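A short worksheet on the structure shown next.
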Amino acid sequence: MNFVFVSPHFPKTYWNFCERLHRNGVNVLGIGDAPFDEIPWQLKHCLTEYYRVNDLGNYDEMLRAVAYFTFHYGKIDWLESNNEYWLEMDAQMRTDFNITTGAQNDFIERIKYKSKMKESYIAAGVPVARHHMVSTLAAAKAFIKEVGYPVIVKPDNGCGAEATYKLRNLKELKAFYAEPHAVPYIMEEFINGTIVSFDGVADSHCVPLFYTSNVFPTPMLDIVSEQGDLSYWTQKTVPAELKDVGFRTIKAFGAKSRFFHCEFFQLNEDKPGLGKKGDYVALEVNMRPAGGYTPDMINYANSADCYQIWADMVCYDEVRNLELDGPKYYCVYAGRRDCHTYKHSNEQIMARYGNRMKMHERIPEALRLDMGDEMYTVTVRSSAERDAFIRYVQEKA
């Protein structure tokens with residue numbers, strides 16, 4: 001099997017995907033924008049060949065890279081980056097080279113455009129927030145008259161909290177329209193809910209082989225706009241109601257043979273037309289692993305190896321090399337920013353939590369806007385321990 005893995009060096013732990021494929025006997029071919037000498041030695045070990053490009057978003061460079069591998073190794077069976085930034089290019093390369101094992105161009109609209117996502121969520125029977133495609137100020141006023149302030153405005157094609165606005169009144173609405181916007185925006189009614197994700201790996205029949213969940217207690221928009229501290233955790237177990245909406249969502253989107261990260265609001269209060277407190281309402285889908293170091297958190301929480309689960313899906317369409325019934329934990333992320341002064345030093349944190357610390361390091365520059373400058377990740381058994389860890393790490397001086 002010839003597998004082209006795009007950007008295998010970033011995020012830094014993604015070499016694990018290539019290593020598990022290599023372990024399963026796959027011929028792994030890498031395309032990246034980093035010099036070969038700068039990629040991790042673990043990655044060098046499991047790649048048959050590495051092709052460097054200057055820009056992973058440049059169509060001509062990517063076309064030449066995949067054509068080179070095709071000429072030297074034969075037909076490409078799989079191509080994947082597992083990275084939000086390259087999903088569209090991945091699909092274009094699959095379409096151009098007739099690689100049928102992953103999403104091609106006809107699949108991308110429903111997973112990249114928030115307005116299109118709503119159609120599949122509705123097909124899954126999951127409530128969605130009312131929305132309006134941003135056009136004129138008058139049209140926005142008419143929409144807000146129906147749903148009320150505040151409203152959320154964000155790029156229809158975008159990820160995270162990038163270029164997202166929470167508009168609370170007419171003054172802020174007019175200020176938004178006074179700015180130039182080069183891409184289409186979507187405006188949605190505000191949902192008072194906690195973001196909860198349904199994550200895992202689906203087989204070729206759109207059935208999850210493995211699934212878990214993450215909770216994000218503070219909206220990313222607030223963290224980015226106020227330079228707040230990010231904290232979130234992988235849950236010990238997946239609530240039955242979330243499993244139900246998650247399975248229906250994966251089926252409705254036709255998400256086959258891939259990692260998934262589906263986001264929902266769990267309502268903090270009753271919302272007429274959407275549900276009761278505790279119900280799940282659609283937010284958006286990402287047909288790739290959750291960002292940053294979340295795959296590693298998933299592993300620590302579930303005593304599993306999601307990299308191997310994914311590689312088994314690629315090779316066998318089932319999980320063969322793992323037991324999935326190991327002990328469960330909360331795996332908790334607490335980030336800090338250099339612009340704040342904290343009560344507890346790094347030495348104090350390590351003295352208290354060092355025996356449970358799974359990861360502690362500086363965050364790569366490209367991820368700092370959302371995730372902070374420094375991170376600590378531990379496993380704990382109870383929600384009380386989880387909350388105490390977050391407070392201890394992030395308490396300000």
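Identifiers for the structure tokens are assigned positionally: chains receive A, B, ... in sequence, residues are indexed from 1 per chain, and ligands are indexed from 1 in the order shown.
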
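Excluding A:Glu61 itself and any same-chain residue fewer than 5 positions from it, the protein and nucleic acid residues within 12 Å of it, counting only C-alpha atoms, are Ile31, Gly32, Asp33, Tyr51, Arg52, Val53, Asn54, Asp55, Leu56, Val66, Ala67, Tyr68, Met89 and Met93 of chain A.
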
Pull C-alpha atoms from the residues just selected and write them as a CSV table (one decimal), in the first residue's frame.
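And here's out-v2.csv as it stands now:
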```csv
chain,number,residue,atom,x,y,z
A,31,ILE,CA,5.3,15.7,1.6
A,32,GLY,CA,6.3,18.6,3.8
A,33,ASP,CA,7.5,22.2,3.8
A,51,TYR,CA,9.5,15.3,-0.8
A,52,ARG,CA,9.9,18.9,0.2
A,53,VAL,CA,7.8,21.7,-1.2
A,54,ASN,CA,8.0,25.4,-0.4
A,55,ASP,CA,4.2,25.8,0.1
A,56,LEU,CA,1.8,23.0,1.0
A,66,VAL,CA,2.2,13.4,-5.9
A,67,ALA,CA,3.1,12.8,-9.6
A,68,TYR,CA,6.7,12.1,-8.6
A,89,MET,CA,-5.8,20.5,-1.0
A,93,MET,CA,-5.1,15.7,-5.0
```

Nearby residues (only C-alpha atoms) at most 10 Å from stretch 295-303 of chain A, same-chain spacing under 4 positions excluded, as a ChimeraX atom specification: /A:13-14,16,199-200,211-214,233-237,289-291,307,323-333,358-359,377-381

Within stretch 77-166 of chain A, find each residue whose DSSP state, derived from the backbone, is strand (DSSP E), and express the selection as a tab-separated table (two decimals) with C-alpha atoms, in the first residue's frame.
```
chain	number	residue	atom	x	y	z
A	78	TRP	CA	-4.23	6.86	0.27
A	79	LEU	CA	-3.43	10.55	0.73
A	80	GLU	CA	-4.11	12.38	3.99
A	131	HIS	CA	-28.41	31.70	10.67
A	132	HIS	CA	-28.12	34.42	8.06
A	133	MET	CA	-25.45	34.76	5.37
A	151	VAL	CA	-25.20	37.27	17.53
A	152	ILE	CA	-22.05	35.41	16.48
A	153	VAL	CA	-20.43	36.33	13.16
A	154	LYS	CA	-17.61	34.25	11.67
A	155	PRO	CA	-16.16	33.22	8.29
A	165	TYR	CA	-17.13	38.41	16.42
A	166	LYS	CA	-19.74	38.49	19.18
```

Do you know which residues are at most 9 Å from A:Gly246 counting only C-alpha atoms, after dropping those on the same chain fewer than 3 positions away, and could you put them as a ChimeraX atom specification? /A:197-199,241-243,249-251,262

Counting only C-alpha atoms, figure out which residue out of A:Asp338, A:Asp370, A:Asp244, A:Asp229 gets nearest to A:Arg391. A:Asp229

So which one's closest to A:Phe143, A:Cys18, A:Ile186, A:Ala175, A:Ile363? Using only C-alpha atoms, please.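 Of A:Cys18, A:Ile186, A:Ala175, A:Ile363, the one nearest A:Phe143, counting only C-alpha atoms, is A:Ile186.
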
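Closest approach to A:Ala397 from the set A:Thr164, A:Gln266, A:Thr341, A:Thr100 is made by A:Thr341, with distances taken over only C-alpha atoms.
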
Would you mind telling me which residue in A:Val134, A:Ala252, A:Cys206, A:Val224 lies nearest to A:Gly372 when using only C-alpha atoms?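 For A:Gly372, the nearest of the given residues is A:Val224.
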
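Note that the spacing between atom CA of A:Arg336 and atom CA of A:Ser382 amounts to 22.5 Å.
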
Residues of stretch 96-264 of chain A classed as helix (DSSP H, G or I) by DSSP on the backbone are to be reported as a PyMOL selection string. chain A and resi 96+105-112+114-123+137-147+170-178+220-225+240-253

Restricting the output to C-alpha atoms, write the selected residues as a short mmCIF file (atom, residue, chain, number, x, y, z; two decimals), in the first residue's frame.
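Everything below was put into result.cif:
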```
data_model
loop_
_atom_site.label_atom_id
_atom_site.label_comp_id
_atom_site.auth_asym_id
_atom_site.auth_seq_id
_atom_site.Cartn_x
_atom_site.Cartn_y
_atom_site.Cartn_z
CA ASP A 96 -6.85 14.57 -9.61
CA ASN A 105 -13.90 17.59 -4.02
CA ASP A 106 -17.60 16.71 -3.93
CA PHE A 107 -17.38 16.06 -0.16
CA ILE A 108 -15.52 19.16 0.92
CA GLU A 109 -18.32 21.76 0.86
CA ARG A 110 -20.35 19.98 3.51
CA ILE A 111 -17.40 19.79 5.92
CA LYS A 112 -15.68 23.14 5.25
CA LYS A 114 -20.56 26.18 8.23
CA SER A 115 -23.72 26.99 6.29
CA LYS A 116 -23.50 23.64 4.47
CA MET A 117 -22.79 21.72 7.68
CA LYS A 118 -26.22 22.63 8.94
CA GLU A 119 -27.87 20.57 6.18
CA SER A 120 -26.17 17.36 7.33
CA TYR A 121 -26.82 18.11 10.99
CA ILE A 122 -30.51 18.57 10.18
CA ALA A 123 -30.46 15.27 8.28
CA LEU A 137 -26.83 45.86 7.23
CA ALA A 138 -30.59 46.00 6.65
CA ALA A 139 -30.76 42.23 6.22
CA ALA A 140 -28.72 41.75 9.38
CA LYS A 141 -31.07 44.00 11.33
CA ALA A 142 -34.04 41.97 10.10
CA PHE A 143 -32.36 38.73 11.21
CA ILE A 144 -31.47 40.14 14.62
CA LYS A 145 -35.03 41.36 15.06
CA GLU A 146 -36.00 37.69 14.81
CA VAL A 147 -33.30 36.14 17.04
CA LEU A 170 -26.37 48.04 17.08
CA LYS A 171 -23.13 49.98 17.60
CA GLU A 172 -21.03 46.80 17.36
CA LEU A 173 -23.10 45.61 14.40
CA LYS A 174 -22.43 48.84 12.49
CA ALA A 175 -18.73 48.64 13.38
CA PHE A 176 -18.56 45.14 11.88
CA TYR A 177 -20.16 46.32 8.65
CA ALA A 178 -17.79 49.29 8.50
CA MET A 220 -12.65 29.98 22.38
CA LEU A 221 -13.83 33.41 21.25
CA ASP A 222 -13.57 34.70 24.82
CA ILE A 223 -10.14 33.13 25.27
CA VAL A 224 -8.76 34.71 22.10
CA SER A 225 -10.37 38.14 22.44
CA ALA A 240 -25.30 8.05 26.10
CA GLU A 241 -27.10 11.05 24.61
CA LEU A 242 -23.87 12.39 23.10
CA LYS A 243 -23.03 8.97 21.66
CA ASP A 244 -26.45 8.87 20.02
CA VAL A 245 -26.21 12.29 18.35
CA GLY A 246 -22.57 11.62 17.49
CA PHE A 247 -23.27 8.36 15.69
CA ARG A 248 -26.17 9.96 13.79
CA THR A 249 -24.00 12.92 12.80
CA ILE A 250 -21.18 10.77 11.42
CA LYS A 251 -23.68 8.78 9.35
CA ALA A 252 -25.46 11.88 8.02
CA PHE A 253 -22.22 13.53 6.95
#
```

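Atom pair atom CA of A:Ser135 / atom CA of A:Val183: separated by 11.3 Å.
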
Distance query A:Val196 at most 6 Å, only C-alpha atoms, self and fewer than 2 positions along chain excluded, as a list in words: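 The filter keeps Asn214, Val215, Glu263 and Phe264 of chain A.
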
Selection: 12 Å around A:Cys315, only C-alpha atoms, excl. self and same-chain fewer than 5 positions, as a list in words: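 In the requested form, the answer reads Met1, Asn2, Phe3, Arg20, Leu21, His22, Arg23, Asn24, Gly25, Val26, Asn27, Asp77, Trp78, Thr101, Asp203, Ser204, Ser257, Gln308, Ile309, Trp310, Arg320 and Asn321 of chain A.
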
For a test of reading the model, state the distance in Å between atom CA of A:Ala351 and atom CA of A:Pro217, rounded to one decimal. 26.3 Å

Restricting the calculation to only C-alpha atoms: of A:Thr294, A:Asn157, A:Asn355, A:Ser345, which residue gets closest to A:Glu395? A:Ser345

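Comparing the minimum interatomic distances between A:Ala334 and each of A:Ala304, A:Leu267, A:Leu230, A:Val238, counting only C-alpha atoms, we find that A:Leu230 sits nearest.
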